[in-house]
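Here's my_file-v8.txt, which has compact mmCIF, C-alpha atoms (C1' of nucleotides):
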```
# COMPACT_ATOMS: atom_id res chain seq x y z
CA MET A 990 -2.76 31.86 14.65
CA THR A 991 -2.05 28.84 16.75
CA ARG A 992 -4.18 25.81 16.42
CA GLY A 993 -5.02 24.11 19.69
CA ARG A 994 -2.93 21.03 20.27
CA THR A 995 -4.84 18.13 21.71
CA VAL A 996 -3.05 15.35 23.47
CA SER A 997 -5.01 12.80 21.54
CA PRO A 998 -7.72 13.52 19.03
CA THR A 999 -9.93 10.74 20.25
CA ARG A 1000 -9.59 12.01 23.75
CA ALA A 1001 -10.31 15.62 22.86
CA ALA A 1002 -13.40 17.51 23.90
CA GLY A 1003 -16.58 15.49 24.14
CA ASN A 1004 -14.79 12.45 25.48
CA THR A 1005 -17.09 9.49 25.69
CA SER A 1006 -16.63 5.81 26.21
CA ALA A 1007 -16.38 5.60 22.44
CA ASP A 1008 -12.89 6.99 22.76
CA ALA A 1009 -11.78 4.42 25.27
CA VAL A 1010 -13.19 1.63 23.17
CA THR A 1011 -11.57 3.01 20.07
CA ASP A 1012 -8.21 3.28 21.73
CA ALA A 1013 -8.52 -0.18 23.20
CA VAL A 1014 -9.47 -1.84 19.95
CA LEU A 1015 -6.95 0.14 17.99
CA SER A 1016 -4.18 -0.85 20.37
CA ALA A 1017 -5.20 -4.46 20.12
CA SER A 1018 -5.34 -4.16 16.36
CA ARG A 1019 -1.87 -2.66 16.17
CA LEU A 1020 -0.65 -5.50 18.29
CA LEU A 1021 -2.23 -8.17 16.14
CA VAL A 1022 -1.27 -6.60 12.86
CA GLY A 1023 2.35 -6.43 13.89
CA LEU A 1024 2.19 -9.92 15.25
CA SER A 1025 0.68 -11.23 12.04
CA ALA A 1026 3.25 -9.46 9.93
CA ARG A 1027 6.03 -11.06 11.95
CA SER A 1028 4.38 -14.45 11.71
CA ILE A 1029 4.24 -14.17 7.95
CA ALA A 1030 7.80 -12.93 7.70
CA SER A 1031 9.05 -15.76 9.87
CA VAL A 1032 7.72 -18.25 7.31
CA ASP A 1033 8.43 -16.37 4.09
CA GLU A 1034 9.96 -12.93 3.90
CA THR A 1035 8.59 -12.29 0.43
CA ILE A 1036 4.88 -12.76 1.13
CA THR A 1037 2.91 -9.58 1.69
CA MET A 1038 -0.10 -9.17 3.92
CA PRO A 1039 -2.63 -8.88 1.07
CA GLN A 1040 -1.10 -11.95 -0.51
CA PHE A 1041 -1.37 -13.93 2.69
CA ARG A 1042 -4.95 -12.84 3.08
CA LEU A 1043 -5.67 -14.18 -0.39
CA LEU A 1044 -4.06 -17.48 0.52
CA VAL A 1045 -6.19 -17.68 3.64
CA VAL A 1046 -9.36 -17.13 1.64
CA LEU A 1047 -8.42 -19.93 -0.70
CA SER A 1048 -7.61 -22.07 2.29
CA THR A 1049 -10.94 -21.49 3.99
CA ARG A 1050 -13.16 -21.42 0.94
CA GLY A 1051 -11.47 -23.91 -1.29
CA PRO A 1052 -10.95 -23.49 -5.02
CA LEU A 1053 -12.62 -20.36 -6.35
CA LYS A 1054 -13.01 -18.63 -9.64
CA LEU A 1055 -11.56 -15.21 -9.91
CA THR A 1056 -14.65 -13.03 -9.58
CA VAL A 1057 -15.76 -14.87 -6.46
CA LEU A 1058 -12.30 -14.61 -4.96
CA ALA A 1059 -12.31 -10.91 -5.73
CA GLU A 1060 -15.62 -10.52 -3.91
CA TYR A 1061 -14.35 -12.28 -0.82
CA LEU A 1062 -11.33 -10.04 -0.85
CA ASP A 1063 -13.44 -6.98 -1.48
CA ALA A 1064 -11.22 -6.16 -4.43
CA LYS A 1065 -11.73 -5.71 -8.15
CA PRO A 1066 -10.88 -8.48 -10.61
CA PRO A 1067 -7.88 -6.72 -12.17
CA SER A 1068 -6.21 -6.46 -8.77
CA VAL A 1069 -6.77 -10.10 -8.11
CA THR A 1070 -5.55 -11.15 -11.54
CA ARG A 1071 -2.25 -9.47 -10.83
CA MET A 1072 -1.92 -10.83 -7.33
CA ILE A 1073 -2.61 -14.28 -8.68
CA ASP A 1074 0.03 -13.76 -11.36
CA ARG A 1075 2.57 -13.17 -8.63
CA LEU A 1076 1.40 -16.00 -6.40
CA VAL A 1077 1.40 -18.43 -9.30
CA GLY A 1078 4.90 -17.25 -10.07
CA ALA A 1079 5.85 -17.90 -6.46
CA GLY A 1080 4.40 -21.41 -6.65
CA LEU A 1081 1.79 -20.79 -3.98
CA VAL A 1082 -1.32 -20.80 -6.12
CA ASP A 1083 -2.48 -22.97 -8.97
CA ARG A 1084 -4.47 -21.44 -11.83
CA GLN A 1085 -6.46 -23.74 -14.11
CA THR A 1086 -9.04 -23.10 -16.75
CA SER A 1087 -12.36 -24.29 -15.42
CA PRO A 1088 -13.49 -27.65 -16.73
CA VAL A 1089 -17.06 -26.39 -16.98
CA SER A 1090 -16.48 -23.08 -18.71
CA ARG A 1091 -13.48 -22.02 -20.68
CA ARG A 1092 -13.86 -18.39 -19.73
CA GLU A 1093 -13.52 -19.10 -16.04
CA VAL A 1094 -10.35 -19.91 -14.14
CA VAL A 1095 -10.14 -21.92 -10.97
CA LEU A 1096 -7.69 -20.76 -8.34
CA ASP A 1097 -6.46 -23.02 -5.61
CA LEU A 1098 -3.55 -23.33 -3.23
CA THR A 1099 -0.61 -25.46 -4.18
CA ASP A 1100 0.69 -27.77 -1.49
CA ASN A 1101 3.32 -25.17 -0.90
CA GLY A 1102 0.72 -22.46 -0.53
CA ALA A 1103 -1.31 -24.57 1.88
CA SER A 1104 1.81 -25.20 3.89
CA VAL A 1105 2.49 -21.50 4.18
CA VAL A 1106 -1.01 -20.86 5.51
CA THR A 1107 -0.68 -23.65 8.03
CA ARG A 1108 2.70 -22.59 9.30
CA VAL A 1109 1.87 -18.91 9.55
CA THR A 1110 -1.41 -19.66 11.29
CA GLN A 1111 0.26 -21.94 13.79
CA ARG A 1112 2.92 -19.39 14.46
CA ARG A 1113 0.41 -16.65 14.98
CA ARG A 1114 -1.71 -18.80 17.24
CA ARG A 1115 1.32 -19.62 19.35
CA GLU A 1116 2.19 -15.96 19.73
CA ILE A 1117 -1.33 -15.04 20.69
CA ALA A 1118 -1.49 -17.88 23.17
CA ARG A 1119 1.64 -16.48 24.79
CA ILE A 1120 0.00 -13.11 25.20
CA ILE A 1121 -3.17 -14.60 26.58
CA GLY A 1122 -1.11 -16.58 28.99
CA ARG A 1123 0.07 -13.33 30.48
CA MET A 1124 -3.46 -12.03 30.96
CA PRO A 1125 -5.27 -12.35 34.26
CA GLU A 1126 -7.35 -15.52 34.12
CA ARG A 1127 -10.56 -13.61 34.80
CA GLN A 1128 -9.98 -11.44 31.77
CA ARG A 1129 -9.72 -14.19 29.22
CA ALA A 1130 -13.37 -15.10 28.98
CA ALA A 1131 -14.41 -11.49 29.35
CA LEU A 1132 -12.21 -10.58 26.42
CA ILE A 1133 -14.00 -12.86 24.05
CA ASP A 1134 -17.46 -12.06 25.33
CA ALA A 1135 -16.91 -8.35 25.15
CA PHE A 1136 -15.54 -8.35 21.68
CA GLU A 1137 -18.13 -10.64 20.32
CA ALA A 1138 -20.73 -8.28 21.74
CA PHE A 1139 -18.99 -5.38 20.06
CA ARG A 1140 -18.76 -7.21 16.79
CA ASP A 1141 -22.41 -8.16 16.94
CA ALA A 1142 -23.46 -4.62 17.78
CA GLY A 1143 -21.43 -3.44 14.83
CA GLY A 1144 -23.46 -5.55 12.49
CA GLU A 1145 -20.93 -8.16 11.50
CA PRO A 1146 -22.56 -11.56 11.17
CA ALA A 1147 -22.28 -13.33 14.50
CA VAL A 1148 -21.37 -16.56 12.82
CA ASP A 1149 -20.25 -16.56 9.25
CA PRO A 1150 -22.14 -19.27 7.39
CA ALA A 1151 -18.98 -20.47 5.77
CA GLY A 1152 -16.40 -19.73 8.45
CA TYR A 1153 -14.88 -16.29 8.39
CA ALA A 1154 -11.48 -15.71 9.85
CA ASP A 1155 -9.75 -14.33 6.80
CA TRP A 1156 -8.83 -10.87 7.70
CA MET A 1157 -5.11 -11.09 7.18
CA MET B 741 -3.75 -35.74 -3.04
CA THR B 742 -6.55 -33.74 -1.51
CA ARG B 743 -5.67 -31.17 1.01
CA GLY B 744 -7.94 -31.14 4.01
CA ARG B 745 -10.36 -28.25 3.97
CA THR B 746 -10.75 -26.58 7.34
CA VAL B 747 -13.73 -24.41 8.11
CA SER B 748 -11.49 -21.75 9.51
CA PRO B 749 -7.72 -21.94 9.71
CA THR B 750 -7.58 -20.38 13.13
CA ARG B 751 -10.04 -22.95 14.34
CA ALA B 752 -8.22 -25.91 12.88
CA ALA B 753 -6.61 -28.61 14.93
CA GLY B 754 -5.24 -27.57 18.28
CA ASN B 755 -8.02 -25.13 18.93
CA THR B 756 -7.30 -22.95 21.92
CA SER B 757 -8.70 -19.77 23.32
CA ALA B 758 -6.13 -18.01 21.18
CA ASP B 759 -8.33 -18.73 18.22
CA ALA B 760 -11.42 -17.24 19.78
CA VAL B 761 -9.50 -14.18 20.83
CA THR B 762 -7.98 -13.83 17.41
CA ASP B 763 -11.33 -14.07 15.70
CA ALA B 764 -12.87 -11.64 18.14
CA VAL B 765 -10.18 -9.03 17.77
CA LEU B 766 -9.96 -9.50 14.05
CA SER B 767 -13.69 -9.03 13.69
CA ALA B 768 -13.55 -5.91 15.76
CA SER B 769 -10.62 -4.67 13.71
CA ARG B 770 -12.45 -5.27 10.46
CA LEU B 771 -15.35 -3.36 11.83
CA LEU B 772 -13.28 -0.41 12.93
CA VAL B 773 -11.19 -0.29 9.80
CA GLY B 774 -14.27 -0.18 7.63
CA LEU B 775 -15.84 2.37 9.88
CA SER B 776 -12.75 4.55 9.78
CA ALA B 777 -12.56 4.32 6.02
CA ARG B 778 -16.15 5.44 5.73
CA SER B 779 -15.58 8.26 8.17
CA ILE B 780 -12.67 9.51 6.11
CA ALA B 781 -14.57 9.18 2.86
CA SER B 782 -17.54 11.07 4.28
CA VAL B 783 -15.28 14.07 4.86
CA ASP B 784 -13.02 13.85 1.81
CA GLU B 785 -13.22 11.15 -0.80
CA THR B 786 -9.66 11.72 -1.96
CA ILE B 787 -7.84 11.16 1.34
CA THR B 788 -6.36 7.71 1.82
CA MET B 789 -5.93 5.86 5.08
CA PRO B 790 -2.13 6.28 5.25
CA GLN B 791 -2.57 9.96 4.50
CA PHE B 792 -5.11 10.38 7.25
CA ARG B 793 -2.84 8.58 9.63
CA LEU B 794 -0.10 11.05 8.80
CA LEU B 795 -2.46 13.93 9.44
CA VAL B 796 -3.37 12.43 12.80
CA VAL B 797 0.25 12.15 13.80
CA LEU B 798 0.82 15.79 12.97
CA SER B 799 -2.31 16.65 14.88
CA THR B 800 -1.26 14.80 18.01
CA ARG B 801 2.44 15.56 17.94
CA GLY B 802 2.47 19.01 16.47
CA PRO B 803 4.95 20.27 13.88
CA LEU B 804 7.61 17.69 13.13
CA LYS B 805 10.61 17.42 10.93
CA LEU B 806 10.54 14.74 8.31
CA THR B 807 12.71 12.07 9.88
CA VAL B 808 10.80 12.23 13.15
CA LEU B 809 7.49 12.05 11.34
CA ALA B 810 8.79 9.05 9.44
CA GLU B 811 9.70 7.35 12.70
CA TYR B 812 6.26 7.90 14.19
CA LEU B 813 4.74 6.47 11.03
CA ASP B 814 7.19 3.60 11.03
CA ALA B 815 8.06 4.47 7.45
CA LYS B 816 11.18 5.49 5.59
CA PRO B 817 11.89 9.11 4.74
CA PRO B 818 11.41 8.74 0.98
CA SER B 819 7.88 7.45 1.47
CA VAL B 820 7.06 10.33 3.73
CA THR B 821 8.57 12.87 1.36
CA ARG B 822 6.18 11.75 -1.35
CA MET B 823 3.17 11.58 0.90
CA ILE B 824 3.96 15.08 2.05
CA ASP B 825 4.30 16.20 -1.56
CA ARG B 826 0.74 15.05 -2.15
CA LEU B 827 -0.67 16.44 1.07
CA VAL B 828 0.99 19.80 0.46
CA GLY B 829 -0.52 19.71 -3.00
CA ALA B 830 -3.90 19.02 -1.46
CA GLY B 831 -3.49 21.94 0.90
CA LEU B 832 -3.62 19.82 4.02
CA VAL B 833 0.00 20.11 5.15
CA ASP B 834 2.42 22.98 5.30
CA ARG B 835 6.11 22.41 4.59
CA GLN B 836 8.65 25.01 5.71
CA THR B 837 12.39 25.03 5.90
CA SER B 838 13.34 24.95 9.54
CA PRO B 839 14.44 28.27 10.97
CA VAL B 840 17.17 26.55 12.98
CA SER B 841 18.69 24.38 10.28
CA ARG B 842 18.42 24.79 6.58
CA ARG B 843 18.62 21.09 5.91
CA GLU B 844 15.56 20.32 7.98
CA VAL B 845 11.95 20.87 7.00
CA VAL B 846 9.08 21.42 9.39
CA LEU B 847 5.79 19.77 8.56
CA ASP B 848 2.55 20.91 10.08
CA LEU B 849 -1.15 20.78 9.37
CA THR B 850 -2.79 23.62 7.56
CA ASP B 851 -6.07 24.84 9.01
CA ASN B 852 -7.71 22.77 6.36
CA GLY B 853 -5.76 19.68 7.38
CA ALA B 854 -6.60 20.22 11.03
CA SER B 855 -10.23 20.56 10.11
CA VAL B 856 -10.17 17.27 8.27
CA VAL B 857 -8.75 15.50 11.30
CA THR B 858 -11.34 17.03 13.58
CA ARG B 859 -14.26 16.20 11.37
CA VAL B 860 -13.20 12.64 10.62
CA THR B 861 -12.49 11.99 14.28
CA GLN B 862 -15.85 13.32 15.35
CA ARG B 863 -17.59 11.29 12.74
CA ARG B 864 -15.81 8.14 13.74
CA ARG B 865 -16.50 8.72 17.39
CA ARG B 866 -20.17 9.20 16.65
CA GLU B 867 -20.32 5.95 14.73
CA ILE B 868 -18.56 4.04 17.47
CA ALA B 869 -20.83 5.55 20.07
CA ARG B 870 -23.78 4.26 18.08
CA ILE B 871 -22.38 0.76 18.12
CA ILE B 872 -21.61 0.89 21.81
CA GLY B 873 -25.13 2.10 22.41
CA ARG B 874 -26.36 -1.17 21.01
CA MET B 875 -24.20 -3.21 23.34
CA PRO B 876 -25.55 -4.61 26.59
CA GLU B 877 -24.67 -2.12 29.29
CA ARG B 878 -22.76 -4.73 31.26
CA GLN B 879 -20.46 -5.36 28.32
CA ARG B 880 -19.25 -1.82 27.86
CA ALA B 881 -16.91 -1.64 30.79
CA ALA B 882 -15.85 -5.23 30.29
CA LEU B 883 -14.94 -4.43 26.71
CA ILE B 884 -12.48 -1.75 27.67
CA ASP B 885 -11.04 -3.67 30.60
CA ALA B 886 -10.53 -6.80 28.58
CA PHE B 887 -8.84 -5.10 25.71
CA GLU B 888 -6.63 -3.02 27.85
CA ALA B 889 -5.56 -6.21 29.56
CA PHE B 890 -4.85 -7.79 26.21
CA ARG B 891 -2.94 -4.80 25.00
CA ASP B 892 -0.91 -4.69 28.19
CA ALA B 893 -0.15 -8.39 28.01
CA GLY B 894 1.01 -7.82 24.45
CA GLY B 895 3.61 -5.40 25.64
CA GLU B 896 2.22 -2.18 24.29
CA PRO B 897 2.80 0.67 26.73
CA ALA B 898 -0.21 0.93 29.01
CA VAL B 899 -0.25 4.67 28.73
CA ASP B 900 1.68 6.41 26.04
CA PRO B 901 3.60 9.29 27.57
CA ALA B 902 2.60 11.59 24.74
CA GLY B 903 -0.87 10.26 23.95
CA TYR B 904 -1.04 7.57 21.36
CA ALA B 905 -4.17 7.19 19.34
CA ASP B 906 -2.73 7.56 15.89
CA TRP B 907 -3.30 4.26 14.30
CA MET B 908 -5.31 5.39 11.32
C1' DG C 653 -26.92 -17.76 -35.77
C1' DC C 654 -26.28 -13.50 -33.75
C1' DC C 655 -26.08 -10.40 -30.23
C1' DA C 656 -25.80 -9.55 -25.34
C1' DA C 657 -23.83 -10.76 -21.08
C1' DC C 658 -20.12 -12.76 -18.58
C1' DT C 659 -15.19 -13.58 -17.43
C1' DA C 660 -10.70 -12.67 -17.24
C1' DT C 661 -6.97 -10.02 -18.81
C1' DT C 662 -4.29 -5.95 -20.36
C1' DG C 663 -3.35 -0.86 -20.56
C1' DC C 664 -2.90 3.10 -17.98
C1' DA C 665 -2.83 5.78 -13.76
C1' DT C 666 -2.18 6.55 -8.79
C1' DT C 667 -0.58 5.57 -4.07
C1' DG C 668 2.42 3.48 -0.85
C1' DT C 669 6.56 1.27 -0.01
C1' DG C 670 11.72 0.40 0.05
C1' DT C 671 16.90 0.74 -1.27
C1' DA C 672 20.51 3.29 -3.34
C1' DA C 673 22.47 7.38 -4.95
C1' DC C 674 22.66 12.23 -4.49
C1' DA C 675 22.91 17.32 -3.02
C1' DT C 676 23.02 20.26 0.59
C1' DT C 677 23.98 21.62 5.03
C1' DT C 678 25.86 21.15 9.57
C1' DA C 679 29.11 19.61 12.96
C1' DG C 680 33.40 17.93 14.39
C1' DT C 681 38.29 17.63 14.33
C1' DG C 682 42.80 18.58 13.53
C1' DC D 840 40.14 27.81 9.55
C1' DA D 841 39.75 23.82 6.32
C1' DC D 842 38.38 19.51 5.49
C1' DT D 843 35.94 15.55 6.34
C1' DA D 844 32.10 13.02 8.32
C1' DA D 845 27.44 12.90 9.60
C1' DA D 846 22.82 14.34 9.10
C1' DT D 847 18.81 15.55 6.22
C1' DG D 848 15.89 15.55 2.72
C1' DT D 849 15.14 14.55 -2.10
C1' DT D 850 15.43 11.99 -6.48
C1' DA D 851 15.87 7.71 -9.23
C1' DC D 852 14.39 3.29 -9.73
C1' DA D 853 11.72 -0.78 -8.59
C1' DC D 854 7.73 -3.22 -7.11
C1' DA D 855 3.06 -4.31 -4.86
C1' DA D 856 -1.68 -3.00 -4.53
C1' DT D 857 -5.37 -0.73 -6.28
C1' DG D 858 -8.97 1.03 -9.64
C1' DC D 859 -11.20 2.32 -14.21
C1' DA D 860 -11.52 1.61 -19.09
C1' DA D 861 -10.90 -1.11 -22.93
C1' DT D 862 -10.35 -5.60 -24.86
C1' DA D 863 -10.58 -10.71 -26.10
C1' DG D 864 -12.66 -14.76 -25.67
C1' DT D 865 -16.68 -17.56 -24.28
C1' DT D 866 -21.31 -18.63 -23.27
C1' DG D 867 -26.18 -18.21 -23.36
C1' DG D 868 -30.60 -16.42 -24.91
C1' DC D 869 -33.67 -15.57 -28.36
```

Kindly transcribe the structure held in the file into structure tokens.
Amino acid sequence: MTRGRTVSPTRAAGNTSADAVTDAVLSASRLLVGLSARSIASVDETITMPQFRLLVVLSTRGPLKLTVLAEYLDAKPPSVTRMIDRLVGAGLVDRQTSPVSRREVVLDLTDNGASVVTRVTQRRRREIARIIGRMPERQRAALIDAFEAFRDAGGEPAVDPAGYADWM
Amino acid sequence: MTRGRTVSPTRAAGNTSADAVTDAVLSASRLLVGLSARSIASVDETITMPQFRLLVVLSTRGPLKLTVLAEYLDAKPPSVTRMIDRLVGAGLVDRQTSPVSRREVVLDLTDNGASVVTRVTQRRRREIARIIGRMPERQRAALIDAFEAFRDAGGEPAVDPAGYADWM
DNA sequence: GCCAACTATTGCATTGTGTAACATTTAGTG
DNA sequence: CACTAAATGTTACACAATGCAATAGTTGGC
């Protein structure tokens, strides 16, 4: 009994524009994920993607207590406790008991941690700029418009009240 | 010494269109990743994203031996061995000693595994179609064009010779 | 003042990941 | 043909990320 072999599952029977969009976004995602990983590695080989994402959240949101940080990361507190353990060990995050409540802790970037975020971000931005530079001029504006439309249609807040670029 | 607090790191000083593109693609990625995760969960709560990705590779490429599968997944053989252990245990993958060489194994989807891929893919496509349906008509074509241009500028092969939609 | 709720941590389990060491099998070479 | 080298997959060990359950300490309400 031989199962039919499709060239690509998303291009199988019932092909709609959903497939083309999926492939397009997925390709772009692959590209950016790889690019981000390389940007991180170029600054510090030992920092993982989840760790960098945590640093970015602290960078954008400022000092946070653990439960709030966990919410932003969409993770559970135990996970975050352990990640923080490692990042404190690496000298990238500072953990202090809250001055207002002794059961809370306040997490913040160290200068070192802030520096990592800055350098990785700059690196990534440079790489992306290089790619955009190779795109046809006409496409550049269209790219942003189209994807913002997609994002809006998908239900993600058009503008995050607090600034929201912390995916990785 | 107070570190400056930027609203969004990618929008910090030196703001270029790279930032807008990054945010746009990252938002779209977030959207699709979440959507994919939900599509997988709706079919089988126990299947993880890396596992599903492996299933998709087997679905698109057909039976593979372990080292080749590992290459497609950009992973090392030991990782794949263990993932396969679990997927064989779950009845989604079939592992056979190769008929041509007794040191090779041939991995392939079981009917059950193929069914999972089909159902998750359909589900995901349906969800994406719903989102696209909410987009302004004019944007739909622009979306695909723009992202293909971005992907091409990023160096990813414009058309994968063997069909290449196995990101997750 | 005591009990309930909150906050973070620790214990335990699972998955994914990698490097190094290993066993088995195949291929090549003299 | 015999022996060695390469290929192939697995196992051993280590570590990051993740979650649930249990726990310790703290705070707040009544």

Within 6 Å of chain A: each chain B residue with its shortest pair, all atoms listed in the file, as JSON lines:
```
{"residue": "B:Val747", "atom": "CA", "partner": "A:Gly1152", "partner_atom": "CA", "distance": 5.4}
{"residue": "B:Ser748", "atom": "CA", "partner": "A:Gly1152", "partner_atom": "CA", "distance": 5.4}
{"residue": "B:Ala758", "atom": "CA", "partner": "A:Ala1118", "partner_atom": "CA", "distance": 5.1}
{"residue": "B:Val761", "atom": "CA", "partner": "A:Ile1133", "partner_atom": "CA", "distance": 5.7}
{"residue": "B:Ala764", "atom": "CA", "partner": "A:Phe1136", "partner_atom": "CA", "distance": 5.5}
{"residue": "B:Ala768", "atom": "CA", "partner": "A:Arg1140", "partner_atom": "CA", "distance": 5.5}
{"residue": "B:Ser769", "atom": "CA", "partner": "A:Ser1018", "partner_atom": "CA", "distance": 5.9}
{"residue": "B:Thr800", "atom": "CA", "partner": "A:Ser997", "partner_atom": "CA", "distance": 5.5}
{"residue": "B:Arg865", "atom": "CA", "partner": "A:Ala1007", "partner_atom": "CA", "distance": 5.9}
{"residue": "B:Ile868", "atom": "CA", "partner": "A:Ala1007", "partner_atom": "CA", "distance": 5.6}
{"residue": "B:Ala869", "atom": "CA", "partner": "A:Ala1007", "partner_atom": "CA", "distance": 5.0}
{"residue": "B:Ile871", "atom": "CA", "partner": "A:Gly1143", "partner_atom": "CA", "distance": 5.4}
{"residue": "B:Arg874", "atom": "CA", "partner": "A:Ala1142", "partner_atom": "CA", "distance": 5.5}
{"residue": "B:Met875", "atom": "CA", "partner": "A:Ala1142", "partner_atom": "CA", "distance": 5.8}
{"residue": "B:Gln879", "atom": "CA", "partner": "A:Ala1135", "partner_atom": "CA", "distance": 5.6}
{"residue": "B:Leu883", "atom": "CA", "partner": "A:Ala1135", "partner_atom": "CA", "distance": 4.7}
{"residue": "B:Ile884", "atom": "CA", "partner": "A:Val1010", "partner_atom": "CA", "distance": 5.7}
{"residue": "B:Ala886", "atom": "CA", "partner": "A:Leu1132", "partner_atom": "CA", "distance": 4.7}
{"residue": "B:Phe887", "atom": "CA", "partner": "A:Ala1013", "partner_atom": "CA", "distance": 5.5}
{"residue": "B:Glu888", "atom": "CA", "partner": "A:Ala1013", "partner_atom": "CA", "distance": 5.8}
{"residue": "B:Arg891", "atom": "CA", "partner": "A:Ala1017", "partner_atom": "CA", "distance": 5.4}
{"residue": "B:Ala893", "atom": "CA", "partner": "A:Ile1120", "partner_atom": "CA", "distance": 5.5}
{"residue": "B:Gly894", "atom": "CA", "partner": "A:Ile1120", "partner_atom": "CA", "distance": 5.4}
{"residue": "B:Gly903", "atom": "CA", "partner": "A:Ser997", "partner_atom": "CA", "distance": 5.4}
```

Keeping C-alpha atoms for every residue in the selection just given, could you write it to a file as a short mmCIF file (atom, residue, chain, number, x, y, z; two decimals), in the coordinates of the input?
```cif
data_model
loop_
_atom_site.label_atom_id
_atom_site.label_comp_id
_atom_site.auth_asym_id
_atom_site.auth_seq_id
_atom_site.Cartn_x
_atom_site.Cartn_y
_atom_site.Cartn_z
CA VAL B 747 -13.73 -24.41 8.11
CA SER B 748 -11.49 -21.75 9.51
CA ALA B 758 -6.13 -18.01 21.18
CA VAL B 761 -9.50 -14.18 20.83
CA ALA B 764 -12.87 -11.64 18.14
CA ALA B 768 -13.55 -5.91 15.76
CA SER B 769 -10.62 -4.67 13.71
CA THR B 800 -1.26 14.80 18.01
CA ARG B 865 -16.50 8.72 17.39
CA ILE B 868 -18.56 4.04 17.47
CA ALA B 869 -20.83 5.55 20.07
CA ILE B 871 -22.38 0.76 18.12
CA ARG B 874 -26.36 -1.17 21.01
CA MET B 875 -24.20 -3.21 23.34
CA GLN B 879 -20.46 -5.36 28.32
CA LEU B 883 -14.94 -4.43 26.71
CA ILE B 884 -12.48 -1.75 27.67
CA ALA B 886 -10.53 -6.80 28.58
CA PHE B 887 -8.84 -5.10 25.71
CA GLU B 888 -6.63 -3.02 27.85
CA ARG B 891 -2.94 -4.80 25.00
CA ALA B 893 -0.15 -8.39 28.01
CA GLY B 894 1.01 -7.82 24.45
CA GLY B 903 -0.87 10.26 23.95
#
```

* Nearby residues (all atoms listed in the file) at most 10 Å from region 654-658 of chain C, same-chain spacing under 5 positions excluded, as a list of chain:residue names -> A:Arg1092, A:Glu1093, D:DT865, D:DT866, D:DG867, D:DG868, D:DC869

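In terms of minimum interatomic distance to chain A, D:DA855 ranks closest within D:DA855, D:DC840, D:DT850, D:DA860, counting all atoms listed in the file.
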
* Any idea which chain B residues end up within 9 Å of chain D if we count only C-alpha atoms (C1' of nucleotides), as a ChimeraX atom specification please? -> /B:806-807,817-818,821,843-845

* Structure fact -> In Å and to one decimal, CA of Tyr812 (chain B) is distant from CA of Arg842 (chain B) by 22.2 Å

* Asked: Please, which residues of chain C lie no more than 12 Å from chain B when the count uses only C-alpha atoms (C1' of nucleotides), and can they be set out as a ChimeraX atom specification?
  -> /C:666-672,675-679

* To do: Would you work out the distance separating CA of Gly1080 (chain A) from CA of Ser1028 (chain A), expressed in Å to one decimal?
  =>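 Pair CA of Gly1080 (chain A) / CA of Ser1028 (chain A) returns 19.6 Å.
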